[in-house]
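*Asks:* work_25.cif is reproduced in full below (mmCIF, C-alpha atoms).
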```cif
data_input
loop_
_atom_site.group_PDB
_atom_site.id
_atom_site.type_symbol
_atom_site.label_atom_id
_atom_site.label_comp_id
_atom_site.auth_asym_id
_atom_site.auth_seq_id
_atom_site.Cartn_x
_atom_site.Cartn_y
_atom_site.Cartn_z
ATOM 1 C CA MET A 1 184.135 126.610 179.962
ATOM 2 C CA ILE A 2 182.596 128.650 182.772
ATOM 3 C CA VAL A 3 181.780 131.362 180.232
ATOM 4 C CA ASP A 4 179.900 128.786 178.143
ATOM 5 C CA LEU A 5 177.940 127.801 181.239
ATOM 6 C CA LEU A 6 177.012 131.451 181.892
ATOM 7 C CA TYR A 7 175.862 131.818 178.291
ATOM 8 C CA TYR A 8 173.638 128.736 178.581
ATOM 9 C CA VAL A 9 172.128 130.053 181.827
ATOM 10 C CA ALA A 10 171.521 133.490 180.272
ATOM 11 C CA GLY A 11 169.861 131.931 177.222
ATOM 12 C CA VAL A 12 167.479 129.898 179.378
ATOM 13 C CA VAL A 13 166.684 132.930 181.579
ATOM 14 C CA VAL A 14 165.977 135.131 178.555
ATOM 15 C CA LEU A 15 163.586 132.509 177.148
ATOM 16 C CA ILE A 16 161.758 132.221 180.489
ATOM 17 C CA GLY A 17 161.483 136.027 180.670
ATOM 18 C CA ALA A 18 160.020 136.265 177.163
ATOM 19 C CA VAL A 19 157.484 133.531 177.946
ATOM 20 C CA PHE A 20 156.469 135.375 181.141
ATOM 21 C CA SER A 21 155.890 138.570 179.138
ATOM 22 C CA LEU A 22 153.760 136.661 176.621
ATOM 23 C CA LEU A 23 151.700 135.076 179.428
ATOM 24 C CA ALA A 24 151.164 138.504 181.012
ATOM 25 C CA VAL A 25 149.878 139.883 177.711
ATOM 26 C CA ILE A 26 147.583 136.872 177.223
ATOM 27 C CA GLY A 27 146.256 137.579 180.721
ATOM 28 C CA ILE A 28 145.638 141.218 179.780
ATOM 29 C CA LEU A 29 143.685 140.077 176.739
ATOM 30 C CA ARG A 30 141.582 137.354 178.372
ATOM 31 C CA PHE A 31 140.782 138.476 181.936
ATOM 32 C CA PRO A 32 137.295 139.955 182.418
ATOM 33 C CA ASP A 33 137.861 143.352 184.091
ATOM 34 C CA LEU A 34 140.504 145.978 184.810
ATOM 35 C CA TYR A 35 141.512 144.688 188.244
ATOM 36 C CA THR A 36 142.254 141.130 187.150
ATOM 37 C CA ARG A 37 144.125 142.491 184.120
ATOM 38 C CA MET A 38 146.193 144.623 186.486
ATOM 39 C CA HIS A 39 147.041 141.450 188.401
ATOM 40 C CA ALA A 40 148.453 139.826 185.253
ATOM 41 C CA ALA A 41 150.308 142.905 184.018
ATOM 42 C CA SER A 42 151.983 144.020 187.221
ATOM 43 C CA LYS A 43 153.217 140.598 188.357
ATOM 44 C CA ALA A 44 153.981 138.513 185.275
ATOM 45 C CA GLY A 45 154.997 141.533 183.190
ATOM 46 C CA THR A 46 157.490 142.708 185.802
ATOM 47 C CA VAL A 47 158.989 139.230 186.126
ATOM 48 C CA GLY A 48 159.279 138.942 182.338
ATOM 49 C CA SER A 49 161.191 142.185 181.822
ATOM 50 C CA GLY A 50 163.165 141.619 185.032
ATOM 51 C CA LEU A 51 164.372 138.209 183.855
ATOM 52 C CA CYS A 52 165.499 139.728 180.518
ATOM 53 C CA LEU A 53 167.543 142.315 182.457
ATOM 54 C CA LEU A 54 168.899 139.565 184.732
ATOM 55 C CA ALA A 55 170.033 137.559 181.699
ATOM 56 C CA LEU A 56 171.866 140.644 180.440
ATOM 57 C CA ALA A 57 173.551 140.966 183.844
ATOM 58 C CA ILE A 58 174.605 137.291 183.751
ATOM 59 C CA ALA A 59 175.938 137.222 180.183
ATOM 60 C CA SER A 60 177.637 140.636 180.053
ATOM 61 C CA LEU A 61 180.809 139.381 181.848
ATOM 62 C CA ASP A 62 181.432 143.008 182.831
ATOM 63 C CA LEU A 63 180.865 144.341 186.328
ATOM 64 C CA SER A 64 179.742 147.848 185.323
ATOM 65 C CA VAL A 65 177.177 146.498 182.847
ATOM 66 C CA ALA A 66 175.969 143.879 185.330
ATOM 67 C CA ILE A 67 175.485 146.486 188.065
ATOM 68 C CA ARG A 68 173.579 148.778 185.719
ATOM 69 C CA ALA A 69 171.335 145.883 184.666
ATOM 70 C CA LEU A 70 170.673 145.013 188.309
ATOM 71 C CA ILE A 71 169.892 148.673 189.070
ATOM 72 C CA GLY A 72 167.377 148.625 186.219
ATOM 73 C CA LEU A 73 165.865 145.418 187.626
ATOM 74 C CA VAL A 74 165.571 146.852 191.153
ATOM 75 C CA PHE A 75 164.006 150.032 189.774
ATOM 76 C CA LEU A 76 161.475 148.005 187.772
ATOM 77 C CA VAL A 77 160.568 145.831 190.758
ATOM 78 C CA LEU A 78 160.211 148.904 193.002
ATOM 79 C CA THR A 79 158.043 150.987 190.673
ATOM 80 C CA ALA A 80 155.703 148.396 189.104
ATOM 81 C CA PRO A 81 153.633 147.738 192.281
ATOM 82 C CA ILE A 82 153.396 151.466 193.031
ATOM 83 C CA SER A 83 152.060 152.383 189.592
ATOM 84 C CA ALA A 84 149.665 149.391 189.535
ATOM 85 C CA HIS A 85 148.318 150.303 192.982
ATOM 86 C CA LEU A 86 147.858 153.968 192.036
ATOM 87 C CA LEU A 87 146.082 153.109 188.792
ATOM 88 C CA SER A 88 143.718 150.500 190.257
ATOM 89 C CA ARG A 89 142.881 152.757 193.228
ATOM 90 C CA ALA A 90 142.217 155.716 190.922
ATOM 91 C CA ALA A 91 140.017 153.562 188.683
ATOM 92 C CA TYR A 92 138.067 152.202 191.655
ATOM 93 C CA ILE A 93 137.480 155.632 193.223
ATOM 94 C CA ALA A 94 136.533 157.012 189.801
ATOM 95 C CA GLY A 95 133.729 154.447 189.729
ATOM 96 C CA PHE A 96 134.850 151.795 187.231
ATOM 97 C CA LYS A 97 132.990 148.721 188.481
ATOM 98 C CA PRO A 98 134.826 145.417 189.040
ATOM 99 C CA SER A 99 133.545 142.224 187.453
ATOM 100 C CA SER A 100 130.633 140.496 189.194
ATOM 101 C CA GLU A 101 132.892 137.498 189.829
ATOM 102 C CA MET A 102 135.033 139.488 192.306
ATOM 103 C CA ALA A 103 134.788 137.687 195.672
ATOM 104 C CA VAL A 104 136.775 139.873 198.115
ATOM 105 C CA ASN A 105 136.555 143.666 197.981
ATOM 106 C CA ASP A 106 138.428 145.257 200.870
ATOM 107 C CA LEU A 107 138.646 148.712 199.288
ATOM 108 C CA GLY A 108 134.832 148.810 198.970
ATOM 109 C CA ARG A 109 134.571 148.803 202.774
ATOM 110 C CA ALA A 110 137.208 151.494 203.271
ATOM 111 C CA GLU A 111 136.124 154.943 204.413
ATOM 112 C CA VAL A 112 137.936 156.845 201.684
ATOM 113 C CA VAL A 113 135.732 155.513 198.893
ATOM 114 C CA LYS A 114 132.436 156.327 200.573
ATOM 115 C CA LYS A 115 133.060 160.088 200.667
ATOM 116 C CA MET B 116 176.340 123.851 170.012
ATOM 117 C CA SER B 117 178.539 126.233 171.967
ATOM 118 C CA GLY B 118 177.281 128.638 174.618
ATOM 119 C CA ALA B 119 177.463 131.745 172.425
ATOM 120 C CA GLU B 120 175.514 130.056 169.605
ATOM 121 C CA PHE B 121 172.841 128.927 172.062
ATOM 122 C CA LEU B 122 172.595 132.469 173.473
ATOM 123 C CA ASP B 123 172.176 133.958 169.977
ATOM 124 C CA LEU B 124 169.434 131.444 169.147
ATOM 125 C CA ALA B 125 167.684 132.055 172.484
ATOM 126 C CA CYS B 126 167.821 135.832 171.861
ATOM 127 C CA LEU B 127 166.236 135.431 168.421
ATOM 128 C CA VAL B 128 163.446 133.219 169.789
ATOM 129 C CA ALA B 129 162.883 135.639 172.692
ATOM 130 C CA LEU B 130 162.712 138.590 170.271
ATOM 131 C CA GLY B 131 160.026 136.724 168.300
ATOM 132 C CA ILE B 132 157.993 135.970 171.433
ATOM 133 C CA LEU B 133 158.321 139.579 172.654
ATOM 134 C CA THR B 134 157.191 140.881 169.259
ATOM 135 C CA VAL B 135 154.016 138.774 169.524
ATOM 136 C CA ALA B 136 153.500 140.094 173.080
ATOM 137 C CA PHE B 137 153.982 143.683 171.834
ATOM 138 C CA LEU B 138 151.350 143.286 169.099
ATOM 139 C CA LEU B 139 148.842 141.634 171.466
ATOM 140 C CA THR B 140 149.294 144.537 173.912
ATOM 141 C CA ILE B 141 148.448 146.955 171.110
ATOM 142 C CA VAL B 142 145.270 144.902 170.487
ATOM 143 C CA ARG B 143 144.280 145.493 174.124
ATOM 144 C CA ILE B 144 145.046 149.222 173.882
ATOM 145 C CA VAL B 145 142.860 149.538 170.771
ATOM 146 C CA LEU B 146 140.024 147.359 172.158
ATOM 147 C CA GLY B 147 140.253 148.379 175.823
ATOM 148 C CA PRO B 148 136.727 149.425 176.783
ATOM 149 C CA THR B 149 137.693 152.069 179.369
ATOM 150 C CA LEU B 150 140.467 154.630 179.859
ATOM 151 C CA PRO B 151 142.216 152.744 182.734
ATOM 152 C CA ASP B 152 142.405 149.656 180.496
ATOM 153 C CA ARG B 153 144.294 151.684 177.907
ATOM 154 C CA VAL B 154 146.600 153.157 180.561
ATOM 155 C CA LEU B 155 147.284 149.623 181.787
ATOM 156 C CA GLY B 156 148.052 148.570 178.207
ATOM 157 C CA LEU B 157 150.525 151.433 177.814
ATOM 158 C CA ASP B 158 152.187 150.478 181.118
ATOM 159 C CA MET B 159 152.501 146.886 179.913
ATOM 160 C CA LEU B 160 153.839 148.144 176.581
ATOM 161 C CA VAL B 161 156.662 149.955 178.398
ATOM 162 C CA ALA B 162 157.471 146.801 180.392
ATOM 163 C CA VAL B 163 157.607 144.685 177.213
ATOM 164 C CA VAL B 164 159.835 147.264 175.506
ATOM 165 C CA ILE B 165 162.252 147.266 178.466
ATOM 166 C CA GLY B 166 162.575 143.489 178.096
ATOM 167 C CA TYR B 167 162.954 143.917 174.321
ATOM 168 C CA ILE B 168 165.773 146.449 174.745
ATOM 169 C CA ALA B 169 167.536 144.144 177.222
ATOM 170 C CA VAL B 170 167.373 141.251 174.716
ATOM 171 C CA VAL B 171 168.623 143.491 171.891
ATOM 172 C CA ALA B 172 171.527 144.605 174.103
ATOM 173 C CA LEU B 173 172.287 140.954 174.808
ATOM 174 C CA TYR B 174 172.107 140.031 171.107
ATOM 175 C CA THR B 175 174.197 142.891 169.717
ATOM 176 C CA GLY B 176 176.565 143.289 172.667
ATOM 177 C CA PHE B 177 176.066 147.061 172.945
ATOM 178 C CA ALA B 178 175.625 147.689 176.671
ATOM 179 C CA LEU B 179 174.641 151.316 176.000
ATOM 180 C CA TYR B 180 171.078 150.152 175.240
ATOM 181 C CA LEU B 181 170.779 149.435 178.960
ATOM 182 C CA ASP B 182 170.793 153.135 179.842
ATOM 183 C CA ILE B 183 167.913 153.640 177.408
ATOM 184 C CA ALA B 184 166.004 150.839 179.166
ATOM 185 C CA ILE B 185 166.523 152.455 182.595
ATOM 186 C CA ALA B 186 165.433 155.873 181.299
ATOM 187 C CA LEU B 187 162.395 154.309 179.617
ATOM 188 C CA GLY B 188 161.458 152.631 182.908
ATOM 189 C CA LEU B 189 161.564 156.018 184.658
ATOM 190 C CA VAL B 190 159.455 157.700 181.968
ATOM 191 C CA GLY B 191 156.959 154.824 181.953
ATOM 192 C CA PHE B 192 156.545 154.962 185.730
ATOM 193 C CA LEU B 193 156.032 158.731 185.750
ATOM 194 C CA SER B 194 153.566 158.626 182.847
ATOM 195 C CA THR B 195 151.519 155.885 184.534
ATOM 196 C CA VAL B 196 151.388 157.920 187.754
ATOM 197 C CA ALA B 197 150.345 161.034 185.824
ATOM 198 C CA LEU B 198 147.647 159.151 183.892
ATOM 199 C CA ALA B 199 146.320 157.615 187.136
ATOM 200 C CA ARG B 200 146.007 161.122 188.617
ATOM 201 C CA PHE B 201 144.263 162.173 185.396
ATOM 202 C CA VAL B 202 141.715 159.338 185.707
ATOM 203 C CA LEU B 203 141.034 160.337 189.320
ATOM 204 C CA HIS B 204 140.710 164.088 188.656
ATOM 205 C CA ARG B 205 138.529 163.614 185.596
ATOM 206 C CA ALA B 206 136.090 161.581 187.699
ATOM 207 C CA HIS B 207 136.078 164.286 190.398
ATOM 208 C CA ASN B 208 135.443 167.009 187.809
ATOM 209 C CA GLU B 209 132.531 165.108 186.282
ATOM 210 C CA ARG B 210 131.075 164.539 189.748
ATOM 211 C CA ASP B 211 131.360 168.274 190.524
ATOM 212 C CA LYS B 212 129.685 169.205 187.246
ATOM 213 C CA GLN B 213 126.813 166.808 187.960
ATOM 214 C CA ALA B 214 126.453 168.296 191.454
ATOM 215 C CA VAL B 215 126.304 171.835 190.013
ATOM 216 C CA ARG B 216 123.691 170.779 187.443
ATOM 217 C CA GLY B 217 121.674 169.080 190.188
ATOM 218 C CA GLU B 218 121.622 172.268 192.261
ATOM 219 C CA GLN B 219 120.498 174.396 189.333
ATOM 220 C CA ARG B 220 117.521 172.158 188.655
ATOM 221 C CA PRO B 221 114.366 173.124 190.538
#
```
Show this structure as structure tokens.
*Replies:*
Amino acid sequence: MIVDLLYYVAGVVVLIGAVFSLLAVIGILRFPDLYTRMHAASKAGTVGSGLCLLALAIASLDLSVAIRALIGLVFLVLTAPISAHLLSRAAYIAGFKPSSEMAVNDLGRAEVVKK
Amino acid sequence: MSGAEFLDLACLVALGILTVAFLLTIVRIVLGPTLPDRVLGLDMLVAVVIGYIAVVALYTGFALYLDIAIALGLVGFLSTVALARFVLHRAHNERDKQAVRGEQRP
């Protein structure tokens, strides 16, 4: 009975994760410039894959598998912002211009870019 | 419909959705006007594949796929960092070359 409940929860979580991944990819395709695309990929994409791993942790019914899935989730959540920040900063310093619709540009005022 | 049947159906639907996401990411990598766009597409591709591997592990019941997903996450992170450094250094090199050319001109 409780196992059935866990399976239902895992199925719903896996569907939500897949839909998040699809939305992230649609964002990558439709947003105007690199920085807005980064916004879609690093947030929605991380949540999508993380929810798939979480569903595996819920439905495995095995502590060792669940802990490994959670370790994978924590690793994904830790590294995705770092790589997105490094890539967008490198692209900005390298001179790839943001879209003209960008309203707030804090990095443009920073000293490190003006060198 | 029992819980296990629902989970199998949900896994199949999720695999279909993730396949569509995978193909659309490849469209962005092929189109992507600049190099950072392509690096971003590859990063997203790794994230989608990690989710895909997790769903396959859930569907087949082989938990060993999970270790592959963790290793792939590590490789994807390191490759994105390396490609970001590459974007940065290539820009610096081009700037240096332009500076050298500017000095040689009268």
*Asks:* Skip Lys97 (chain A) itself and residues of its chain fewer than 2 positions away, then list as number ranges by chain all residues within 12 Å of it, counting all atoms listed in the file.
*Replies:* A: 32-35, 88-95, 99-102, 105, 108; B: 149, 151
*Asks:* Select all residues from chain A having any atom no more than 6 Å from an atom of chain B (counting all atoms listed in the file, ignoring ligands), output as a list in words.
*Replies:*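 Per the criterion, chain A yields Asp4, Tyr7, Tyr8, Gly11, Leu15, Ala18, Leu22, Val25, Leu34, Ser49, Cys52, Leu53, Leu56, Gly72, Ser83, Leu87, Ala90 and Ala94 of chain A.
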*Asks:* Output C-alpha atoms for every residue in that selection, as a tab-separated table (two decimals), in the coordinates of the input.
*Replies:*
```tsv
chain	number	residue	atom	x	y	z
A	4	ASP	CA	179.90	128.79	178.14
A	7	TYR	CA	175.86	131.82	178.29
A	8	TYR	CA	173.64	128.74	178.58
A	11	GLY	CA	169.86	131.93	177.22
A	15	LEU	CA	163.59	132.51	177.15
A	18	ALA	CA	160.02	136.26	177.16
A	22	LEU	CA	153.76	136.66	176.62
A	25	VAL	CA	149.88	139.88	177.71
A	34	LEU	CA	140.50	145.98	184.81
A	49	SER	CA	161.19	142.18	181.82
A	52	CYS	CA	165.50	139.73	180.52
A	53	LEU	CA	167.54	142.32	182.46
A	56	LEU	CA	171.87	140.64	180.44
A	72	GLY	CA	167.38	148.62	186.22
A	83	SER	CA	152.06	152.38	189.59
A	87	LEU	CA	146.08	153.11	188.79
A	90	ALA	CA	142.22	155.72	190.92
A	94	ALA	CA	136.53	157.01	189.80
```
*Asks:* How many Å separate CA of Ile2 (chain A) from CA of Tyr180 (chain B)?
*Replies:*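 Straight-line distance from CA of Ile2 (chain A) to CA of Tyr180 (chain B) works out to 25.5 Å.
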*Asks:* Could you jot down the CA of Ile28 (chain A) to CA of Ser42 (chain A) separation for me, Å, one decimal place?
*Replies:*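 Straight-line distance from CA of Ile28 (chain A) to CA of Ser42 (chain A) works out to 10.2 Å.
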*Asks:* Between CA of Ala41 (chain A) and CA of Pro98 (chain A), what is the distance in Å, rounded to a tenth?
*Replies:*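 Between CA of Ala41 (chain A) and CA of Pro98 (chain A) the gap works out to 16.5 Å.
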*Asks:* Name every residue that the PyMOL selection byres ((chain A and resi 44) around 8) selects in this structure, writing the answer as a list of chain:residue names with chains first and numbers rising.
*Replies:*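 With the PyMOL selection byres ((chain A and resi 44) around 8) on this model, the match is A:Phe20, A:Ser21, A:Leu23, A:Ala24, A:Ala40, A:Ala41, A:Ser42, A:Lys43, A:Gly45, A:Thr46, A:Val47, A:Gly48.
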*Asks:* Counting all atoms listed in the file, which of A:Val3, A:Gly50, A:Val65, A:His39 gets nearest to Ile16 (chain A)?
*Replies:*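 The closest residue to Ile16 (chain A) is A:Gly50.
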